[in-house]
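Text of work-v6.tsv, listed as TSV, C-alpha atoms and all ligand atoms:
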```tsv
chain	number	residue	atom	x	y	z
A	1	MET	CA	28.44	6.02	24.92
A	2	GLU	CA	28.51	7.83	28.25
A	3	ILE	CA	27.95	11.50	29.10
A	4	ARG	CA	29.48	13.08	32.18
A	5	THR	CA	30.61	16.50	33.37
A	6	GLY	CA	34.24	17.67	33.42
A	7	ARG	CA	37.29	16.89	35.55
A	8	ILE	CA	40.71	18.55	35.46
A	9	SER	CA	42.13	15.20	34.31
A	10	ASP	CA	40.15	15.67	31.06
A	11	LEU	CA	42.30	18.67	30.06
A	12	ASP	CA	44.58	17.02	27.49
A	13	ALA	CA	41.73	15.16	25.77
A	14	LEU	CA	39.57	18.30	25.66
A	15	ALA	CA	42.37	20.42	24.19
A	16	ALA	CA	43.04	17.76	21.53
A	17	VAL	CA	39.36	17.58	20.49
A	18	GLU	CA	39.13	21.40	20.42
A	19	ARG	CA	42.19	21.56	18.12
A	20	GLU	CA	40.67	18.94	15.83
A	21	CYS	CA	37.37	20.80	15.52
A	22	PHE	CA	38.21	24.50	15.22
A	23	PRO	CA	40.76	26.49	13.21
A	24	PRO	CA	43.54	27.98	15.38
A	25	GLU	CA	42.01	31.47	15.39
A	26	GLU	CA	38.74	30.10	16.84
A	27	ALA	CA	39.95	27.22	19.03
A	28	ALA	CA	40.15	27.70	22.79
A	29	THR	CA	43.75	27.26	23.94
A	30	LYS	CA	44.74	24.58	26.44
A	31	ASP	CA	45.35	27.34	28.97
A	32	GLU	CA	41.84	28.73	28.48
A	33	ILE	CA	40.30	25.28	28.76
A	34	GLU	CA	42.24	24.63	31.97
A	35	LYS	CA	40.98	27.87	33.55
A	36	ARG	CA	37.42	27.02	32.52
A	37	LEU	CA	37.72	23.48	33.91
A	38	LEU	CA	38.99	24.80	37.21
A	39	ALA	CA	36.20	27.41	37.41
A	40	TYR	CA	33.19	25.42	36.17
A	41	PRO	CA	33.81	21.69	35.63
A	42	GLU	CA	30.10	20.99	36.09
A	43	HIS	CA	29.41	23.09	32.99
A	44	PHE	CA	31.38	20.85	30.67
A	45	TRP	CA	29.50	17.93	29.16
A	46	LEU	CA	31.66	15.20	27.65
A	47	LEU	CA	30.64	12.23	25.52
A	48	PHE	CA	32.85	9.13	25.60
A	49	ASP	CA	32.96	6.07	23.39
A	50	GLY	CA	34.59	3.74	25.88
A	51	ASP	CA	37.45	5.83	27.22
A	52	LYS	CA	37.74	7.93	24.05
A	53	LEU	CA	36.45	11.52	24.23
A	54	VAL	CA	34.50	12.09	21.01
A	55	SER	CA	32.43	15.21	21.67
A	56	PHE	CA	32.01	17.98	24.24
A	57	VAL	CA	30.23	21.23	24.93
A	58	ASP	CA	30.98	23.79	27.64
A	59	GLY	CA	30.09	27.27	28.79
A	60	MET	CA	29.96	29.51	31.85
A	61	VAL	CA	26.90	30.65	33.76
A	62	THR	CA	26.27	34.37	34.11
A	63	ASP	CA	23.59	36.95	34.86
A	64	GLU	CA	24.63	38.78	31.68
A	65	ALA	CA	22.03	38.13	29.02
A	66	ASP	CA	24.37	38.37	26.04
A	67	LEU	CA	27.41	36.28	25.20
A	68	ARG	CA	30.50	38.46	24.76
A	69	ASP	CA	33.98	37.51	23.61
A	70	GLU	CA	35.65	38.26	26.97
A	71	MET	CA	33.74	35.30	28.43
A	72	TYR	CA	35.73	32.82	26.34
A	73	ALA	CA	39.06	33.80	27.87
A	74	ASP	CA	38.10	35.01	31.34
A	75	ALA	CA	36.75	32.09	33.37
A	76	SER	CA	36.48	34.35	36.44
A	77	LEU	CA	33.32	35.82	34.88
A	78	HIS	CA	31.54	32.56	35.76
A	79	ASP	CA	28.77	33.02	38.35
A	80	GLU	CA	27.39	29.72	39.57
A	81	ASN	CA	24.16	31.45	40.57
A	82	GLY	CA	23.71	33.24	37.26
A	83	CYS	CA	20.54	32.86	35.24
A	84	TRP	CA	21.93	32.13	31.77
A	85	GLN	CA	23.90	29.06	30.74
A	86	MET	CA	26.23	30.08	27.91
A	87	LEU	CA	27.34	27.45	25.40
A	88	PHE	CA	30.81	28.14	23.99
A	89	GLY	CA	32.33	25.28	22.03
A	90	VAL	CA	30.29	22.48	20.49
A	91	ASN	CA	32.76	19.94	19.16
A	92	THR	CA	32.58	16.42	17.73
A	93	ILE	CA	35.66	14.78	16.23
A	94	PRO	CA	35.20	14.16	12.49
A	95	ALA	CA	34.87	10.36	12.62
A	96	TYR	CA	31.87	10.63	14.97
A	97	ARG	CA	29.93	13.39	13.24
A	98	ARG	CA	26.32	13.12	11.98
A	99	GLN	CA	25.39	10.48	14.55
A	100	GLY	CA	23.68	12.74	17.06
A	101	CYS	CA	26.68	13.11	19.43
A	102	ALA	CA	26.48	16.90	19.72
A	103	ALA	CA	22.69	16.70	19.91
A	104	SER	CA	22.80	14.37	22.91
A	105	LEU	CA	25.19	16.74	24.72
A	106	ILE	CA	23.14	19.83	23.90
A	107	ARG	CA	20.01	18.08	25.20
A	108	ARG	CA	21.83	17.14	28.42
A	109	ALA	CA	23.07	20.73	28.86
A	110	ILE	CA	19.50	21.98	28.34
A	111	ASP	CA	18.12	19.46	30.86
A	112	ASP	CA	20.74	20.38	33.45
A	113	ALA	CA	20.18	24.12	32.97
A	114	ALA	CA	16.44	23.60	33.45
A	115	ALA	CA	17.01	21.47	36.56
A	116	GLN	CA	19.29	24.19	37.94
A	117	GLY	CA	16.54	26.78	37.54
A	118	ARG	CA	18.26	28.89	34.87
A	119	LYS	CA	16.28	31.19	32.59
A	120	GLY	CA	17.74	29.45	29.56
A	121	LEU	CA	20.81	29.02	27.36
A	122	VAL	CA	22.65	31.36	24.99
A	123	LEU	CA	25.11	30.54	22.22
A	124	THR	CA	26.64	32.12	19.17
A	125	CYS	CA	27.03	30.31	15.87
A	126	LYS	CA	27.80	30.85	12.23
A	127	GLU	CA	24.90	31.36	9.83
A	128	GLU	CA	25.04	27.79	8.49
A	129	LYS	CA	24.36	26.35	11.96
A	130	ILE	CA	21.26	28.44	12.77
A	131	HIS	CA	18.87	25.74	11.52
A	132	TYR	CA	20.69	23.13	13.62
A	133	TYR	CA	20.30	24.94	16.95
A	134	ALA	CA	16.73	25.97	16.08
A	135	LYS	CA	15.83	22.26	16.28
A	136	PHE	CA	16.49	22.38	20.05
A	137	GLY	CA	14.39	25.51	20.55
A	138	PHE	CA	17.09	28.19	20.21
A	139	VAL	CA	15.80	31.40	18.62
A	140	ASN	CA	18.03	33.54	16.41
A	141	GLU	CA	18.50	37.06	17.81
A	142	GLY	CA	20.57	38.33	14.90
A	143	VAL	CA	24.23	39.20	14.44
A	144	SER	CA	26.12	39.18	17.73
A	145	SER	CA	28.73	41.73	18.83
A	146	SER	CA	31.28	38.89	18.75
A	147	VAL	CA	34.27	39.23	16.46
A	148	HIS	CA	35.70	35.89	17.62
A	149	GLY	CA	38.21	34.56	15.09
A	150	GLY	CA	37.24	37.34	12.67
A	151	ALA	CA	33.96	35.58	11.76
A	152	VAL	CA	30.32	36.76	11.78
A	153	TRP	CA	28.37	35.14	14.63
A	154	TYR	CA	24.65	35.00	15.33
A	155	GLN	CA	23.37	34.93	18.90
A	156	MET	CA	20.71	32.32	19.67
A	157	ARG	CA	18.73	31.91	22.88
A	158	LEU	CA	16.63	29.11	24.32
A	159	ARG	CA	14.38	30.63	26.98
A	160	PHE	CA	12.60	28.24	29.31
A	161	SER	CA	8.95	28.91	29.85
A	162	THR	CA	8.29	29.62	33.54
A	163	ALA	CA	6.41	26.31	33.68
A	164	THR	CA	9.68	24.38	33.25
A	165	LEU	CA	11.61	26.30	35.92
A	166	VAL	CA	12.38	24.41	39.10
A	167	GLU	CA	11.17	26.35	42.16
A	201	LIG	C1	28.91	21.15	14.52
A	201	LIG	C2	29.29	19.82	15.16
A	201	LIG	C3	29.55	20.05	16.64
A	201	LIG	C4	28.11	18.85	15.01
A	201	LIG	O1	28.43	17.67	15.73
A	201	LIG	P1	27.66	16.29	15.44
A	201	LIG	O2	27.95	15.40	16.59
A	201	LIG	O3	27.96	15.82	14.09
A	201	LIG	O4	26.14	16.80	15.50
A	201	LIG	P2	24.82	15.97	15.26
A	201	LIG	O5	25.13	14.58	14.86
A	201	LIG	O6	23.94	16.21	16.42
A	201	LIG	O7	24.18	16.76	14.03
A	201	LIG	C5	24.91	17.06	12.86
A	201	LIG	C6	24.06	16.80	11.64
A	201	LIG	O8	23.92	15.39	11.47
A	201	LIG	C7	22.54	15.07	11.39
A	201	LIG	N1	22.37	13.73	11.98
A	201	LIG	C8	22.31	13.42	13.29
A	201	LIG	N2	22.16	12.08	13.43
A	201	LIG	C9	22.17	11.57	12.18
A	201	LIG	C10	22.06	10.26	11.68
A	201	LIG	N3	21.94	9.20	12.50
A	201	LIG	N4	22.10	10.10	10.34
A	201	LIG	C11	22.24	11.15	9.52
A	201	LIG	N5	22.34	12.44	9.95
A	201	LIG	C12	22.31	12.63	11.26
A	201	LIG	C13	21.84	16.17	12.17
A	201	LIG	O9	20.49	16.28	11.81
A	201	LIG	C14	22.64	17.35	11.74
A	201	LIG	O10	22.27	17.74	10.45
A	201	LIG	P3	22.06	19.28	10.05
A	201	LIG	O11	23.43	19.93	10.21
A	201	LIG	O12	21.61	19.23	8.66
A	201	LIG	O13	21.07	19.85	11.01
A	201	LIG	C15	30.55	19.19	14.49
A	201	LIG	O14	30.33	19.12	13.10
A	201	LIG	C16	31.84	19.99	14.75
A	201	LIG	O15	32.51	19.75	15.74
A	201	LIG	N6	32.16	20.92	13.83
A	201	LIG	C17	33.35	21.73	13.97
A	201	LIG	C18	33.20	22.75	15.09
A	201	LIG	C19	31.98	23.63	14.90
A	201	LIG	O16	31.76	24.20	13.83
A	201	LIG	N7	31.14	23.75	15.98
A	201	LIG	C20	29.95	24.53	15.97
A	201	LIG	C21	30.25	25.95	16.22
A	201	LIG	S1	28.78	26.94	16.06
```
What would the structure in this file look like if it were written as structure tokens?
Amino acid sequence: MEIRTGRISDLDALAAVERECFPPEEAATKDEIEKRLLAYPEHFWLLFDGDKLVSFVDGMVTDEADLRDEMYADASLHDENGCWQMLFGVNTIPAYRRQGCAASLIRRAIDDAAAQGRKGLVLTCKEEKIHYYAKFGFVNEGVSSSVHGGAVWYQMRLRFSTATLVE
């Protein structure tokens, strides 16, 4: 298993995994994924079993502290010098679930965000996943303003202590 960041040549595989993991009303479209890949390939983390993409996570960087729905579709909101790493989709194809695939990607995203001197990471999730992200240090901030896919989302934040920030 190998983790690396994104390339535009990953587009088809990413769109296929996204479709397998989310219902149509929540899944990012191929067009959205392409715009994100062009704007911030270094903020995609992909896990491969051989040459098969089995899991990925992605998200823009911004100075905005809260994750809002416009960020999913508008890759131009990415600010490479921003202080918060957002995490949008966390996806593992069904046959590879419950083996720590998503966990290894989330840990890598956290490590990279720390190394890049960010303040921390922000994500939104459904209520049943709050305990999962809490294991990595994310703290639940309550119901988010997001109405993505018509669901109720909770915003969670992992804030680095100043001691872990790279000068
Ligand atoms: C959510 C999702 C990304 C998790 O991916 P994953 O690769 O299975 O994640 P992990 O293996 O790290 O953890 C999943 C569970 O398996 C458990 N697990 C991890 N390794 C395990 C192992 N070796 N044996 C048994 N269980 C294990 C984890 O503890 C976790 O359990 P929990 O949900 O009770 O906390 C995946 O199920 C998915 O793509 N779902 C559809 C899309 C989605 O809902 N994404 C999240 C949006 S908020």
Task: Nearest to A:Glu128, chosen from A:Leu14, A:Ala113, A:Val152, A:Ala73, with only C-alpha atoms counted in the distances - done: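 Closest to A:Glu128, using only C-alpha atoms: A:Val152.
For the pair atom C2 of ligand LIG 201 (chain A) and atom CA of A:Thr92, the separation is 5.4 Å.
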Task: Sphere at (15.0, 25.6, 24.2), radius 6 Å, counting only C-alpha atoms: residues as a PyMOL selection string - done: chain A and resi 136-138+158-159
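The shortest atom-to-atom distance to ligand LIG 201 (chain A), with only C-alpha atoms and all ligand atoms taken into account, belongs to A:Ala103 out of A:Leu121, A:Ala27, A:Ala103, A:Ala109.
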Task: Minimum-distance residue to ligand LIG 201 (chain A), chosen among A:Ser76, A:Thr5, A:Ser104, A:Thr62 (using only C-alpha atoms and all ligand atoms) - done: A:Ser104
- [ ] Take atom CA of A:Ile110 and atom CA of A:Glu80 and report the distance between them in Å, one decimal.
- [x]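 Rounded to one decimal, the two atoms are 15.8 Å apart.
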Task: Residue among A:Gln99, A:Asn140, A:Asn91, A:Gln155 lying closest to A:Leu46, counting only C-alpha atoms - done: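 Distance minimum relative to A:Leu46 lands on A:Asn91.
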- [ ] Kindly compile the residues surrounding ligand LIG 201 (chain A) within 6 Å, counting all atoms listed in the file, and format them as a ChimeraX atom specification.
- [x] /A:21-22,90-93,97-103,125-126,132
TODO: Rounded to one decimal place, report the atom CA of A:Asp79-atom CA of A:Glu141 distance in Å.
DONE: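 Atom CA of A:Asp79 sits 23.3 Å away from atom CA of A:Glu141.
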TODO: Name the closest residue to A:Arg157 among the candidates A:Met86, A:Val143, A:Ile106, A:Leu38; distances are taken between atoms, counting only C-alpha atoms.
DONE: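 Answer, going by the shortest atom-to-atom distance: A:Met86.
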Open item on the list: Using only C-alpha atoms for the distances, tell me which of A:Glu64, A:Asp74, A:Leu123, A:Asp51 is nearest to A:Ile33.
Closed with: A:Asp74
- [ ] Write out as a ChimeraX atom specification each polymer residue whose atoms come within 6 Å of A:Phe44, counting all atoms listed in the file; drop sequence neighbours fewer than 3 positions from it.
- [x] /A:5-6,41,57-58
Open item on the list: Please list, as a ChimeraX atom specification, the residues that have an atom at most 12 Å away from (32.1, 37.7, 26.0) in the coordinates of this file, counting all atoms listed in the file.
Closed with: /A:59-62,64-78,86-88,122-124,144-148,155
Open item on the list: I'd like the contact shell of A:Arg7 - 12 Å cut-off, all atoms listed in the file, skipping same-chain residues fewer than 3 positions apart - returned as a PyMOL selection string.
Closed with: chain A and resi 4+10-14+33-46
